[in-house]
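Asks: My structure file entry-v3.cif, mmCIF, C-alpha atoms, is below:
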data_entry
#
loop_
_atom_site.label_atom_id
_atom_site.label_comp_id
_atom_site.auth_asym_id
_atom_site.auth_seq_id
_atom_site.Cartn_x
_atom_site.Cartn_y
_atom_site.Cartn_z
CA MET B 1426 47.47 92.58 72.66
CA ARG B 1427 50.36 90.73 74.28
CA LYS B 1428 52.05 90.38 70.90
CA SER B 1429 51.63 94.11 70.35
CA ILE B 1430 53.16 94.95 73.75
CA SER B 1431 55.99 92.48 73.18
CA GLY B 1432 56.65 94.05 69.80
CA ILE B 1433 56.80 97.53 71.30
CA ALA B 1434 59.13 96.37 74.09
CA LEU B 1435 61.40 94.65 71.58
CA GLY B 1436 61.44 97.76 69.42
CA LEU B 1437 62.42 99.94 72.40
CA LEU B 1438 65.16 97.51 73.39
CA ILE B 1439 66.60 97.55 69.88
CA ALA B 1440 66.41 101.33 69.75
CA LEU B 1441 68.08 101.77 73.14
CA ALA B 1442 70.66 99.00 72.80
CA PRO B 1443 73.34 101.12 71.07
CA ASN B 1444 73.14 103.71 73.85
CA ILE B 1445 73.21 101.09 76.59
CA LEU B 1446 76.13 99.22 75.09
CA SER B 1447 78.14 102.35 74.33
CA ALA B 1448 77.75 103.79 77.82
CA ALA B 1449 81.01 104.37 79.65
CA GLY B 1450 81.79 103.27 83.19
CA PRO B 1451 80.43 104.38 86.56
CA HIS B 1452 82.29 107.70 86.63
CA ASP B 1453 79.35 109.15 84.72
CA GLY B 1454 77.20 108.52 87.79
CA ILE B 1455 79.41 110.41 90.25
CA THR B 1456 80.33 113.25 87.87
CA CYS B 1457 83.31 115.54 88.47
CA LEU B 1458 83.03 115.56 92.27
CA GLY B 1459 83.66 111.83 92.50
CA CYS B 1460 87.34 112.48 91.82
CA HIS B 1461 87.81 116.21 92.38
CA SER B 1462 86.96 118.67 95.13
CA THR B 1463 86.89 122.39 94.47
CA HIS B 1464 87.50 123.42 98.09
CA PHE B 1465 88.74 120.42 100.08
CA ALA B 1466 91.24 118.74 97.77
CA VAL B 1467 93.72 116.25 99.18
CA ASP B 1468 96.10 116.26 96.22
CA ASP B 1469 97.17 118.29 93.19
CA LYS B 1470 94.71 118.95 90.36
CA LEU B 1471 92.03 119.22 93.05
CA PHE B 1472 91.85 115.47 93.57
CA ALA B 1473 89.44 114.48 96.33
CA VAL B 1474 90.92 110.99 96.72
CA LYS B 1475 94.43 109.74 97.37
CA ASN B 1476 95.80 106.38 98.44
CA THR B 1477 98.70 106.92 100.84
CA LYS B 1478 99.00 103.31 102.00
CA MET B 1479 99.38 101.07 98.95
CA LYS B 1480 102.93 100.27 97.85
CA ASN B 1481 103.93 99.08 94.40
CA PRO B 1482 104.27 95.26 94.54
CA LEU B 1483 107.15 95.52 92.04
CA ASN B 1484 109.48 97.58 94.20
CA ARG B 1485 107.64 98.45 97.45
CA GLU B 1486 107.74 102.13 96.52
CA SER B 1487 104.82 104.55 96.81
CA PHE B 1488 102.77 105.74 93.82
CA ASP B 1489 103.37 109.40 94.68
CA LYS B 1490 104.77 110.25 91.24
CA LEU B 1491 101.80 108.73 89.42
CA THR B 1492 98.10 109.43 89.00
CA ALA B 1493 97.69 105.85 90.25
CA LYS B 1494 97.73 107.16 93.83
CA ASN B 1495 94.45 108.92 93.09
CA CYS B 1496 92.86 106.08 91.12
CA LEU B 1497 93.74 103.64 93.90
CA GLY B 1498 92.06 105.91 96.43
CA CYS B 1499 88.87 104.27 95.14
CA HIS B 1500 89.89 101.23 93.12
CA GLU B 1501 91.91 99.26 95.67
CA LEU B 1502 90.96 97.03 98.57
CA THR B 1503 90.27 98.87 101.82
CA GLN B 1504 93.12 97.09 103.62
CA PHE B 1505 95.47 98.57 101.03
CA GLY B 1506 94.23 102.14 101.39
CA GLY B 1507 91.43 102.15 98.83
CA ALA B 1508 87.69 102.54 99.15
CA GLY B 1509 86.89 99.04 97.87
CA ILE B 1510 85.10 100.40 94.79
CA ARG B 1511 85.69 97.95 91.96
CA PRO B 1512 89.16 97.22 93.40
CA VAL B 1513 91.76 96.15 90.86
CA HIS B 1514 94.21 94.82 93.49
CA MET B 1515 97.70 95.75 92.29
CA HIS B 1516 99.19 92.33 93.08
CA THR B 1517 97.23 90.84 90.16
CA THR B 1518 97.16 93.81 87.78
CA HIS B 1519 99.17 94.92 84.74
CA PRO B 1520 102.31 96.51 86.23
CA ILE B 1521 102.58 100.27 86.59
CA GLY B 1522 105.16 102.51 88.22
CA MET B 1523 107.96 101.02 86.16
CA VAL B 1524 110.03 101.89 83.10
CA PRO B 1525 108.88 99.68 80.19
CA ASN B 1526 111.26 97.02 78.95
CA PRO B 1527 111.63 97.63 75.16
CA LYS B 1528 111.90 93.87 74.65
CA ILE B 1529 108.35 93.56 75.98
CA ALA B 1530 106.62 96.81 75.07
CA SER B 1531 107.21 99.75 72.76
CA VAL B 1532 105.62 102.63 74.66
CA PRO B 1533 105.71 106.21 73.35
CA THR B 1534 107.12 108.58 75.97
CA ASN B 1535 103.97 110.70 75.74
CA LEU B 1536 102.00 107.75 77.17
CA LEU B 1537 104.21 107.65 80.28
CA LYS B 1538 104.14 109.78 83.41
CA ASN B 1539 107.52 110.68 84.86
CA GLY B 1540 108.95 108.04 82.53
CA MET B 1541 106.78 105.26 83.98
CA LEU B 1542 103.63 103.39 83.08
CA ASP B 1543 100.61 104.76 84.91
CA CYS B 1544 96.87 104.09 85.04
CA ILE B 1545 96.41 106.99 82.64
CA SER B 1546 98.63 105.26 80.09
CA CYS B 1547 95.64 103.05 79.23
CA HIS B 1548 92.66 104.88 80.76
CA GLU B 1549 91.18 108.36 80.34
CA ALA B 1550 88.65 108.58 83.16
CA HIS B 1551 86.81 111.77 82.23
CA PRO B 1552 83.11 111.40 81.32
CA SER B 1553 83.71 112.73 77.80
CA ASN B 1554 85.39 109.39 77.08
CA LYS B 1555 82.67 107.00 75.87
CA ASN B 1556 85.00 104.03 75.37
CA PHE B 1557 84.47 100.77 77.23
CA MET B 1558 85.82 101.08 80.80
CA TYR B 1559 87.30 104.46 79.91
CA LEU B 1560 90.01 102.85 77.82
CA ARG B 1561 91.94 105.23 75.59
CA VAL B 1562 91.24 103.09 72.53
CA ASN B 1563 87.83 102.15 71.16
CA THR B 1564 87.68 98.40 71.73
CA ASN B 1565 83.97 98.16 70.77
CA ALA B 1566 81.02 98.61 73.10
CA ASP B 1567 81.74 95.44 75.09
CA GLY B 1568 85.55 95.63 75.00
CA GLY B 1569 85.65 92.67 72.63
CA ASN B 1570 88.47 94.11 70.51
CA ILE B 1571 90.85 94.56 73.44
CA GLN B 1572 93.86 93.63 71.32
CA LYS B 1573 93.46 96.95 69.53
CA LEU B 1574 94.41 98.62 72.81
CA CYS B 1575 97.21 96.14 73.46
CA ALA B 1576 98.59 96.87 69.98
CA VAL B 1577 99.50 100.42 71.05
CA CYS B 1578 102.46 98.99 72.99
CA HIS B 1579 102.60 95.28 72.03
CA ASP B 1580 101.97 95.43 68.28
CA ALA B 1581 104.35 92.52 67.53
CA LYS B 1582 101.97 90.20 69.37
CA VAL B 1583 98.70 91.37 67.78
CA ASP B 1584 96.80 89.98 64.79
CA TYR B 1585 96.28 93.15 62.77
CA ASP B 1586 93.47 91.71 60.65
CA SER B 1587 91.25 90.63 63.54
CA ALA B 1588 92.05 93.89 65.37
CA GLY B 1589 90.77 95.79 62.34
CA ILE B 1590 93.95 97.74 61.64
CA LYS B 1591 96.42 97.81 58.75
CA LYS B 1592 99.24 99.60 60.54
CA LEU B 1593 100.00 100.98 63.98
CA SER B 1594 99.26 104.54 62.91
CA ASP B 1595 95.64 103.51 62.25
CA ILE B 1596 95.02 103.42 66.00
CA ARG B 1597 93.61 106.59 67.52
CA ILE B 1598 93.98 107.33 71.22
CA PHE B 1599 91.43 109.30 73.22
CA SER B 1600 92.35 112.22 75.45
CA ALA B 1601 90.58 115.14 77.08
CA MET B 1602 93.76 116.69 78.48
CA ASP B 1603 94.31 119.40 75.87
CA GLN B 1604 91.63 122.01 76.46
CA GLU B 1605 92.69 123.99 73.40
CA LYS B 1606 92.20 121.02 71.06
CA GLY B 1607 89.24 119.60 72.97
CA SER B 1608 88.49 115.96 73.72
CA GLY B 1609 88.87 113.46 70.91
CA PHE B 1610 91.05 110.84 69.26
CA PHE B 1611 94.67 111.57 68.41
CA LEU B 1612 97.62 109.86 66.76
CA ARG B 1613 99.62 107.53 68.99
CA ASP B 1614 102.70 109.73 69.03
CA ASP B 1615 100.82 113.03 69.34
CA VAL B 1616 98.31 112.40 72.12
CA VAL B 1617 98.67 114.39 75.36
CA ILE B 1618 97.68 112.48 78.51
CA GLN B 1619 98.79 114.90 81.22
CA ASN B 1620 99.42 118.55 81.91
CA PRO B 1621 102.05 119.20 84.59
CA THR B 1622 100.90 121.78 87.11
CA LYS B 1623 102.57 123.42 90.07
CA SER B 1624 102.17 121.48 93.30
CA TYR B 1625 100.49 123.53 96.01
CA ILE B 1626 97.62 121.53 97.53
CA LYS B 1627 97.90 120.75 101.25
CA PRO B 1628 94.86 119.00 102.77
CA LEU B 1629 93.20 121.20 105.39
CA GLY B 1630 91.88 119.93 108.69
CA LYS B 1631 91.58 116.26 109.57
CA LEU B 1632 90.07 114.91 106.37
CA GLN B 1633 90.21 111.16 105.86
CA GLU B 1634 92.40 111.01 102.79
CA ASN B 1635 90.66 108.17 100.97
CA ASP B 1636 87.03 109.16 101.46
CA ILE B 1637 84.84 109.88 98.47
CA MET B 1638 83.78 113.51 98.00
CA PRO B 1639 85.08 114.76 101.37
CA ASN B 1640 83.62 118.20 100.65
CA TYR B 1641 80.16 116.69 101.11
CA GLN B 1642 80.62 113.86 103.57
CA ASN B 1643 83.51 114.67 105.89
CA GLN B 1644 83.80 118.40 106.46
CA PRO B 1645 86.56 119.19 108.95
CA ASP B 1646 85.71 120.63 112.37
CA TRP B 1647 86.94 124.09 111.50
CA VAL B 1648 84.12 124.53 108.94
CA TYR B 1649 81.79 125.18 111.88
CA SER B 1650 84.45 126.45 114.32
CA PRO B 1651 86.12 129.55 112.84
CA THR B 1652 88.42 129.86 115.86
CA ILE B 1653 90.31 126.78 114.64
CA ASN B 1654 92.96 127.67 112.11
CA PRO B 1655 93.16 124.91 109.46
CA LEU B 1656 96.70 125.96 108.60
CA ASP B 1657 98.06 125.22 112.09
CA ASP B 1658 99.18 121.78 110.95
CA PHE B 1659 101.42 123.33 108.31
CA LYS B 1660 103.09 126.15 110.22
CA ASP B 1661 106.86 126.22 110.23
CA THR B 1662 107.81 125.07 113.73
CA THR B 1663 111.52 125.72 113.33
CA THR B 1664 112.91 128.30 115.70
CA ALA B 1665 114.26 131.42 114.07
CA PRO B 1666 117.90 132.19 114.97
CA LYS B 1667 118.25 134.76 117.73
CA LYS B 1668 119.68 138.12 116.81
CA LYS B 1669 122.98 138.93 118.44
#
Let me see the structure of the file written as structure tokens.

Replies:
Amino acid sequence: MRKSISGIALGLLIALAPNILSAAGPHDGITCLGCHSTHFAVDDKLFAVKNTKMKNPLNRESFDKLTAKNCLGCHELTQFGGAGIRPVHMHTTHPIGMVPNPKIASVPTNLLKNGMLDCISCHEAHPSNKNFMYLRVNTNADGGNIQKLCAVCHDAKVDYDSAGIKKLSDIRIFSAMDQEKGSGFFLRDDVVIQNPTKSYIKPLGKLQENDIMPNYQNQPDWVYSPTINPLDDFKDTTTAPKKK
């Protein structure tokens, strides 16, 4: 009987293993509202998270021009403006917010944001991406073929044979940022990783800018007090010139 049960358990494990190993990261658990808020966004593209404290260790500048400011709203230490969720800690991380040195990396311009490396240069964080840790390149279920990702920009340093490629154009890069084409894998020089949109979002009320899903957990006072105008903070306080 025990052998029979063990055999069944082993069979189930073997059957489920591919699904377990191919599962993407924790974003699948928090769904869309982990990063976006339909009504209480704190940044463009309806982002619900934004790190306004962390400065780039390379130049002490903010990450305002990068999607990194949103990623670091969760994935940075709390003392640096993040939520402490799997913090990457920028002082020990692959540099971003800089123009690549062609002596070190050959990066297609379509993999840059505002001419700089960004988190989204390597990661596509939408749940449709089933790659390990939401990497843009399939590095196997456990990330074991990470040099295939590195080859996108550092191909001179990669062993093509062990990476499983014959030439750079063999690498396909995942993106879900072209709704017309749908999510999928694209050629290195053709992939679209961002869609510029008009900036208009201004956080309403006194939301804590780095909280997760503020539309559920930290509704501003004016939600229950209609007499409070949430736009008061953004009124033009300049005095109009008097008519003569």

Asks: At most 9 Å is the cut-off: for each residue in stretch 1467-1561 of chain B with any atom that close to an atom of stretch 1586-1610 of chain B, write down the nearest atom pair and the distance in Å rounded to one decimal, counting all atoms listed in the file, chain first then increasing number, as a tab-separated table.

Replies:
residue	atom	partner	partner_atom	distance
B:His1548	CA	B:Phe1599	CA	8.8
B:Glu1549	CA	B:Ser1600	CA	6.3
B:His1551	CA	B:Ala1601	CA	7.2
B:Ser1553	CA	B:Ser1608	CA	7.1
B:Asn1554	CA	B:Phe1599	CA	7.2
B:Asn1556	CA	B:Phe1599	CA	8.6
B:Leu1560	CA	B:Phe1599	CA	8.0
B:Arg1561	CA	B:Phe1599	CA	4.7

Asks: Quick check, in Å to one decimal: how far apart do atom CA of B:Pro1520 and atom CA of B:Lys1627 lie?

Replies: 28.9 Å

Asks: Name the residues in contact with B:Ser1531 at a cut-off of 9 Å, using all atoms listed in the file, excluding same-chain residues fewer than 3 positions from it; report them as an mmCIF file with C-alpha atoms, keeping the file's coordinate frame.

Replies:
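Below is the file selection.cif, written as the result:
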data_model
loop_
_atom_site.group_PDB
_atom_site.id
_atom_site.type_symbol
_atom_site.label_atom_id
_atom_site.label_comp_id
_atom_site.auth_asym_id
_atom_site.auth_seq_id
_atom_site.Cartn_x
_atom_site.Cartn_y
_atom_site.Cartn_z
ATOM 1 C CA PRO B 1525 108.880 99.680 80.190
ATOM 2 C CA ASN B 1526 111.260 97.020 78.950
ATOM 3 C CA PRO B 1527 111.630 97.630 75.160
ATOM 4 C CA LYS B 1528 111.900 93.870 74.650
ATOM 5 C CA VAL B 1577 99.500 100.420 71.050
ATOM 6 C CA CYS B 1578 102.460 98.990 72.990
ATOM 7 C CA HIS B 1579 102.600 95.280 72.030
ATOM 8 C CA ASP B 1580 101.970 95.430 68.280
#

Asks: Counting all atoms listed in the file, which residues in stretch 1509-1583 of chain B sit no more than 10 Å from stretch 1460-1482 of chain B? For each one, give the nearest pair of atoms and the distance in Å, sorted by chain then residue number, as JSON lines.

Replies:
{"residue": "B:His1514", "atom": "CA", "partner": "B:Met1479", "partner_atom": "CA", "distance": 9.8}
{"residue": "B:Met1515", "atom": "CA", "partner": "B:Pro1482", "partner_atom": "CA", "distance": 7.0}
{"residue": "B:His1516", "atom": "CA", "partner": "B:Pro1482", "partner_atom": "CA", "distance": 6.0}
{"residue": "B:Thr1517", "atom": "CA", "partner": "B:Pro1482", "partner_atom": "CA", "distance": 9.4}
{"residue": "B:Thr1518", "atom": "CA", "partner": "B:Pro1482", "partner_atom": "CA", "distance": 9.9}
{"residue": "B:Pro1520", "atom": "CA", "partner": "B:Pro1482", "partner_atom": "CA", "distance": 8.6}
{"residue": "B:Ile1521", "atom": "CA", "partner": "B:Asn1481", "partner_atom": "CA", "distance": 8.0}
{"residue": "B:Gly1522", "atom": "CA", "partner": "B:Asn1481", "partner_atom": "CA", "distance": 7.2}
{"residue": "B:Met1523", "atom": "CA", "partner": "B:Asn1481", "partner_atom": "CA", "distance": 9.4}
{"residue": "B:Ala1550", "atom": "CA", "partner": "B:Cys1460", "partner_atom": "CA", "distance": 9.6}
{"residue": "B:His1551", "atom": "CA", "partner": "B:Cys1460", "partner_atom": "CA", "distance": 9.6}

Asks: I'd like the contact shell of B:Thr1503 - 10 Å cut-off, all atoms listed in the file, skipping same-chain residues fewer than 3 positions apart - returned as a ChimeraX atom specification.

Replies: /B:1476,1478-1479,1497-1500,1506-1510,1512,1635

Asks: Tell me, in Å to one decimal, how far atom CA of B:Leu1574 is from atom CA of B:Val1562.

Replies: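 Distance reported for this atom pair: 5.5 Å.
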
Asks: Just give me the gap between atom CA of B:Asn1565 and atom CA of B:Thr1534 in Å, one decimal is fine.

Replies: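 Pair atom CA of B:Asn1565 / atom CA of B:Thr1534 returns 25.9 Å.
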
Asks: Which residue, B:Phe1557, B:Cys1544, B:Gln1504, B:Ile1626, has the smallest gap to B:Asn1570 when you use all atoms listed in the file?

Replies: B:Phe1557

Asks: With all atoms listed in the file as the atoms that count, which of B:Met1541, B:Phe1505, B:Pro1533, B:Lys1582 lies nearest to B:Asp1614?

Replies: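 Among the listed residues, B:Pro1533 lies closest to B:Asp1614.
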
Asks: Counting all atoms listed in the file, figure out which residue out of B:Ile1618, B:Ile1545, B:Leu1458, B:Ala1566 gets nearest to B:Cys1496.

Replies: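 Smallest distance to B:Cys1496 is found for B:Ile1545.
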
Asks: Taking into account all atoms listed in the file, which residue in the set B:Pro1552, B:Pro1621, B:Thr1564, B:Glu1486 is nearest to B:Gly1454?

Replies: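 Looking only at the distances to B:Gly1454, the closest residue turns out to be B:Pro1552.
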
Asks: Which residue is closest to B:His1452? Choose from B:Leu1502, B:Leu1542, B:Val1513, B:Met1558 and count all atoms listed in the file.

Replies: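 Nearest candidate to B:His1452 out of B:Leu1502, B:Leu1542, B:Val1513, B:Met1558: B:Met1558.
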
Asks: Could you tell me which residues the PyMOL selection byres ((chain B and resi 1491) around 8) grabs in this file, written as a list in words?

Replies: Phe1488, Asp1489, Lys1490, Thr1492, Ala1493, Lys1494, Gly1522, Lys1538, Asn1539 and Asp1543 of chain B

Asks: Write the residues you've just listed into a file as a PDB file, in the frame of the given file, and include C-alpha atoms for each of them.

Replies:
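As a result, result20.pdb now contains:
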ATOM      1  CA  PHE B1488     102.770 105.740  93.820  1.00  0.00           C
ATOM      2  CA  ASP B1489     103.370 109.400  94.680  1.00  0.00           C
ATOM      3  CA  LYS B1490     104.770 110.250  91.240  1.00  0.00           C
ATOM      4  CA  THR B1492      98.100 109.430  89.000  1.00  0.00           C
ATOM      5  CA  ALA B1493      97.690 105.850  90.250  1.00  0.00           C
ATOM      6  CA  LYS B1494      97.730 107.160  93.830  1.00  0.00           C
ATOM      7  CA  GLY B1522     105.160 102.510  88.220  1.00  0.00           C
ATOM      8  CA  LYS B1538     104.140 109.780  83.410  1.00  0.00           C
ATOM      9  CA  ASN B1539     107.520 110.680  84.860  1.00  0.00           C
ATOM     10  CA  ASP B1543     100.610 104.760  84.910  1.00  0.00           C
TER      11      ASP B1543
END
